[in-house]
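**Student:** Take this structure first; my questions come after.
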Amino acid sequence: MADRVREKVAVVTGGGSGMGRAGAVLLAAEGARIVVADIDEDKGAQVCASIRAEGHEATAIPVDVRSAASVQALVRETVQRHGRIDVLYHNAVDVKFVNEQDRRLTELPEETWDRMIDLVLRGTFLCCKYIGRQMLAQKSGSIILTATVDALVGCAGLDSYTAAKGGVVAMTRSLAAGLARDGVRVNAICPGFVATEPQLAWMEKPGSRALMEQLHLLPVAAPEQIAPFVVYLASDESAVVTGGVFPIDSGYMAFKANFNVMGAMNTEPR
Ligand SMILES: NC(=O)c1ccc[n+]([C@@H]2O[C@H](COP(=O)([O-])OP(=O)(O)OC[C@H]3O[C@@H](n4cnc5c(N)ncnc54)[C@H](O)[C@@H]3O)[C@@H](O)[C@H]2O)c1
């Protein structure tokens with residue numbers, strides 16, 4: 001068995017699907033004891049069953065990251081079972097809600113704004129608060145937050161999501177600064193478009209994949225291609241890495257558009 005995170009206890013929120021599931025599976029294969037914390041009990045249980053079928057350790061504990069009581073219960077049950085929490089990989093978001101309900105601010109209902117901030121930013125706050133307290137008591141831990149490239153560069157029509165994820169990016173740095181001397185690291189991953197379940201219906205529409213690929217230098221990522229970076233941040237290999245905001249994005253942030261500026265300006269190539 002590989003052992004890059006051997007014996008570490010890792011809580012993966014939103015671990016029932018997409019990037020959370022892929023992260024949970026790879027962390028388990030690298031030796032971690034996994035808690036899959038998802039609002040969807042069935043999905044969480046299925047992921048745990050598949051991890052256990054490979055001979056690794058996983059428990060499903062249902063959680064709603066919008067509820068302080070629910071997150072506190074998650075921490076309590078995890079610590080009762082495993083004695084500690086070494087890694088938080090926080091993914092939980094209702095992506096369908098984001099895709100279908102977000103708008104330009106000028107058209108955005110106040111209620112949608114409130115729901116988005118509650119789910120994305122307050123959910124992150126609650127997980128970091130209560131799992132962070134456990135890590136403080138241990139004087140060690142690695143918190144890995146999932147932001148998005150859309151928090152780093154504008155994306156029309158996603159104003160409440162980008163505001164909330166932008167808050168996650170800013171919080172990554174200030175929380176890292178606050179916790180570093182106590183042995184707790186905090187980093188954020190900014191994925192580009194990733195082909196997870198809630199994105200597949202859109203991806204399958206004619207032209208969508210081609211359009212999306214024009215925005216990335218490399219092929220659109222599968223969730224399993226984000227997971228190795230998660231293992232790195234969870235492991236002691238990243239012992240000197242904190243406050244980092246990492247685009248793991250198929251090159252999305254590296255260029256303005258797939259547009260040949262030199263050609264458009266009729267300038268001779270240099
Ligand atoms: N897929 C992308 O293109 C993409 C790109 C950038 C960032 N992200 C971010 O990555 C993260 C994971 O996205 P994904 O595409 O893997 O989504 P996904 O839908 O595959 O997985 C999200 C999981 O979170 C769970 N969940 C939803 N609300 C919850 C709640 N209140 N409490 C607990 N669990 C809850 C869902 O049941 C689901 O299992 C999200 O934070 C998303 O914003 C996704």
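Naming scheme: A, B, ... for chains in displayed order of the structure tokens; residues 1 onward per chain; ligands 1 onward as shown.
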Give me, as an MDAnalysis selection string, the set of residues whose atoms come within 7 Å of any atom of ligand 1, counting only C-alpha atoms and all ligand atoms.
**Tutor:** chainID A and resid 13:20 37:40 43 63:66 91:95 119 146:149 190:199 223
**Student:** Filtering to C-alpha atoms, could you give me those residues as a PDB file, in the first residue's frame?
**Tutor:**
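This is the output file result22.pdb:
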```pdb
ATOM      1  CA  THR A  13     -16.876  17.259   2.804  1.00  0.00           C
ATOM      2  CA  GLY A  14     -18.893  16.697  -0.360  1.00  0.00           C
ATOM      3  CA  GLY A  15     -17.057  13.378  -0.549  1.00  0.00           C
ATOM      4  CA  GLY A  16     -20.056  11.638  -2.113  1.00  0.00           C
ATOM      5  CA  SER A  17     -19.400  12.949  -5.614  1.00  0.00           C
ATOM      6  CA  GLY A  18     -16.979  14.624  -8.000  1.00  0.00           C
ATOM      7  CA  MET A  19     -13.716  16.039  -6.696  1.00  0.00           C
ATOM      8  CA  GLY A  20     -14.540  15.134  -3.101  1.00  0.00           C
ATOM      9  CA  ALA A  37     -19.102  13.917   5.025  1.00  0.00           C
ATOM     10  CA  ASP A  38     -21.908  14.591   2.565  1.00  0.00           C
ATOM     11  CA  ILE A  39     -25.493  15.816   2.808  1.00  0.00           C
ATOM     12  CA  ASP A  40     -26.504  12.891   0.574  1.00  0.00           C
ATOM     13  CA  LYS A  43     -23.803   8.794  -2.021  1.00  0.00           C
ATOM     14  CA  VAL A  63     -23.468  16.546   7.342  1.00  0.00           C
ATOM     15  CA  ASP A  64     -25.041  19.754   6.175  1.00  0.00           C
ATOM     16  CA  VAL A  65     -22.180  22.245   6.114  1.00  0.00           C
ATOM     17  CA  ARG A  66     -24.684  25.132   6.456  1.00  0.00           C
ATOM     18  CA  ASN A  91     -15.692  20.571  -1.232  1.00  0.00           C
ATOM     19  CA  ALA A  92     -19.353  20.549  -0.301  1.00  0.00           C
ATOM     20  CA  VAL A  93     -21.400  22.803  -2.564  1.00  0.00           C
ATOM     21  CA  ASP A  94     -24.700  22.266  -4.381  1.00  0.00           C
ATOM     22  CA  VAL A  95     -23.244  22.833  -7.868  1.00  0.00           C
ATOM     23  CA  LEU A 119     -23.708  27.487   1.419  1.00  0.00           C
ATOM     24  CA  THR A 146     -11.837  24.256  -2.841  1.00  0.00           C
ATOM     25  CA  ALA A 147     -12.205  27.679  -4.417  1.00  0.00           C
ATOM     26  CA  THR A 148     -12.366  28.156  -8.216  1.00  0.00           C
ATOM     27  CA  VAL A 149     -10.609  30.014 -11.023  1.00  0.00           C
ATOM     28  CA  CYS A 190      -8.744  26.746  -7.679  1.00  0.00           C
ATOM     29  CA  PRO A 191      -9.930  24.216 -10.246  1.00  0.00           C
ATOM     30  CA  GLY A 192     -10.794  25.219 -13.791  1.00  0.00           C
ATOM     31  CA  PHE A 193     -13.739  23.414 -15.344  1.00  0.00           C
ATOM     32  CA  VAL A 194     -13.791  19.836 -14.063  1.00  0.00           C
ATOM     33  CA  ALA A 195     -15.975  17.128 -15.582  1.00  0.00           C
ATOM     34  CA  THR A 196     -17.897  16.169 -12.429  1.00  0.00           C
ATOM     35  CA  GLU A 197     -21.450  14.804 -12.365  1.00  0.00           C
ATOM     36  CA  PRO A 198     -23.299  18.146 -12.171  1.00  0.00           C
ATOM     37  CA  GLN A 199     -21.317  19.452 -15.161  1.00  0.00           C
ATOM     38  CA  PRO A 223     -11.881  14.828 -10.846  1.00  0.00           C
TER      39      PRO A 223
END
```
**Student:** Env of region 21-27 of chain A: 10 Å cut, atoms = only C-alpha atoms, seq-sep filter 4 positions within chain, self excluded. Answer as an MDAnalysis selection string.
**Tutor:** chainID A and resid 2:6 8:17 31:36 38 43:44 47:48 50:52 54 56 58 87 89 91 196 222:232 234:235
**Student:** Of the candidates A:Pro247, A:His216, A:Ser160, A:Leu152, which shows the shortest atom-to-atom distance to Arg115 (chain A), using only C-alpha atoms?
**Tutor:**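 Between A:Pro247, A:His216, A:Ser160, A:Leu152, the residue approaching Arg115 (chain A) most closely is A:Ser160.
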**Student:** If I take CA of Leu126 (chain A) and CA of Arg76 (chain A), how far is one from the other in Å, to one decimal?
**Tutor:** 13.9 Å
**Student:** Contacts of Asp159 (chain A) at 8 Å or less, counting only C-alpha atoms, minus same-chain residues fewer than 2 places along, as a list in words?
**Tutor:** Asp102, Arg103, Arg104, Leu105, Cys155, Ala156, Gly157, Tyr161, Thr162 and Ala163 of chain A
**Student:** What is the CA of Asn99 (chain A)-CA of Leu211 (chain A) distance in Å, reported with one decimal?
**Tutor:**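 Answer for the CA of Asn99 (chain A) to CA of Leu211 (chain A) separation: 16.7 Å.
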**Student:** When you draw a straight line from CA of Arg181 (chain A) to CA of Leu74 (chain A), how long is it in Å?
**Tutor:**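 Straight-line distance from CA of Arg181 (chain A) to CA of Leu74 (chain A) works out to 25.7 Å.
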**Student:** When you count only C-alpha atoms, which of these residues is closest to Met116 (chain A): A:Lys96, A:Arg173, A:Arg185, A:Lys139?
**Tutor:**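 The shortest atom-to-atom distance to Met116 (chain A) comes from A:Lys96.
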**Student:** From a backbone DSSP assignment, name each residue in region 53-264 of chain A labelled strand (DSSP E or B), as a list in words.
**Tutor:**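 Those residues are Ala58, Thr59, Ala60, Val87, Leu88, Tyr89, His90, Gly141, Ser142, Ile143, Ile144, Leu145, Thr146, Val184, Arg185, Val186, Asn187, Ala188, Ile189, Cys190, Pro191, Val194, Ala221, Val245, Phe246, Pro247 and Ile248 of chain A.
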**Student:** Near Ser142 (chain A), counting only C-alpha atoms, which residues have an atom at most 10 Å away, once you skip same-chain residues fewer than 5 positions from it, shown as an MDAnalysis selection string?
**Tutor:** chainID A and resid 10 85:89 132 135 176 183:187 233:236 238:239 241:242
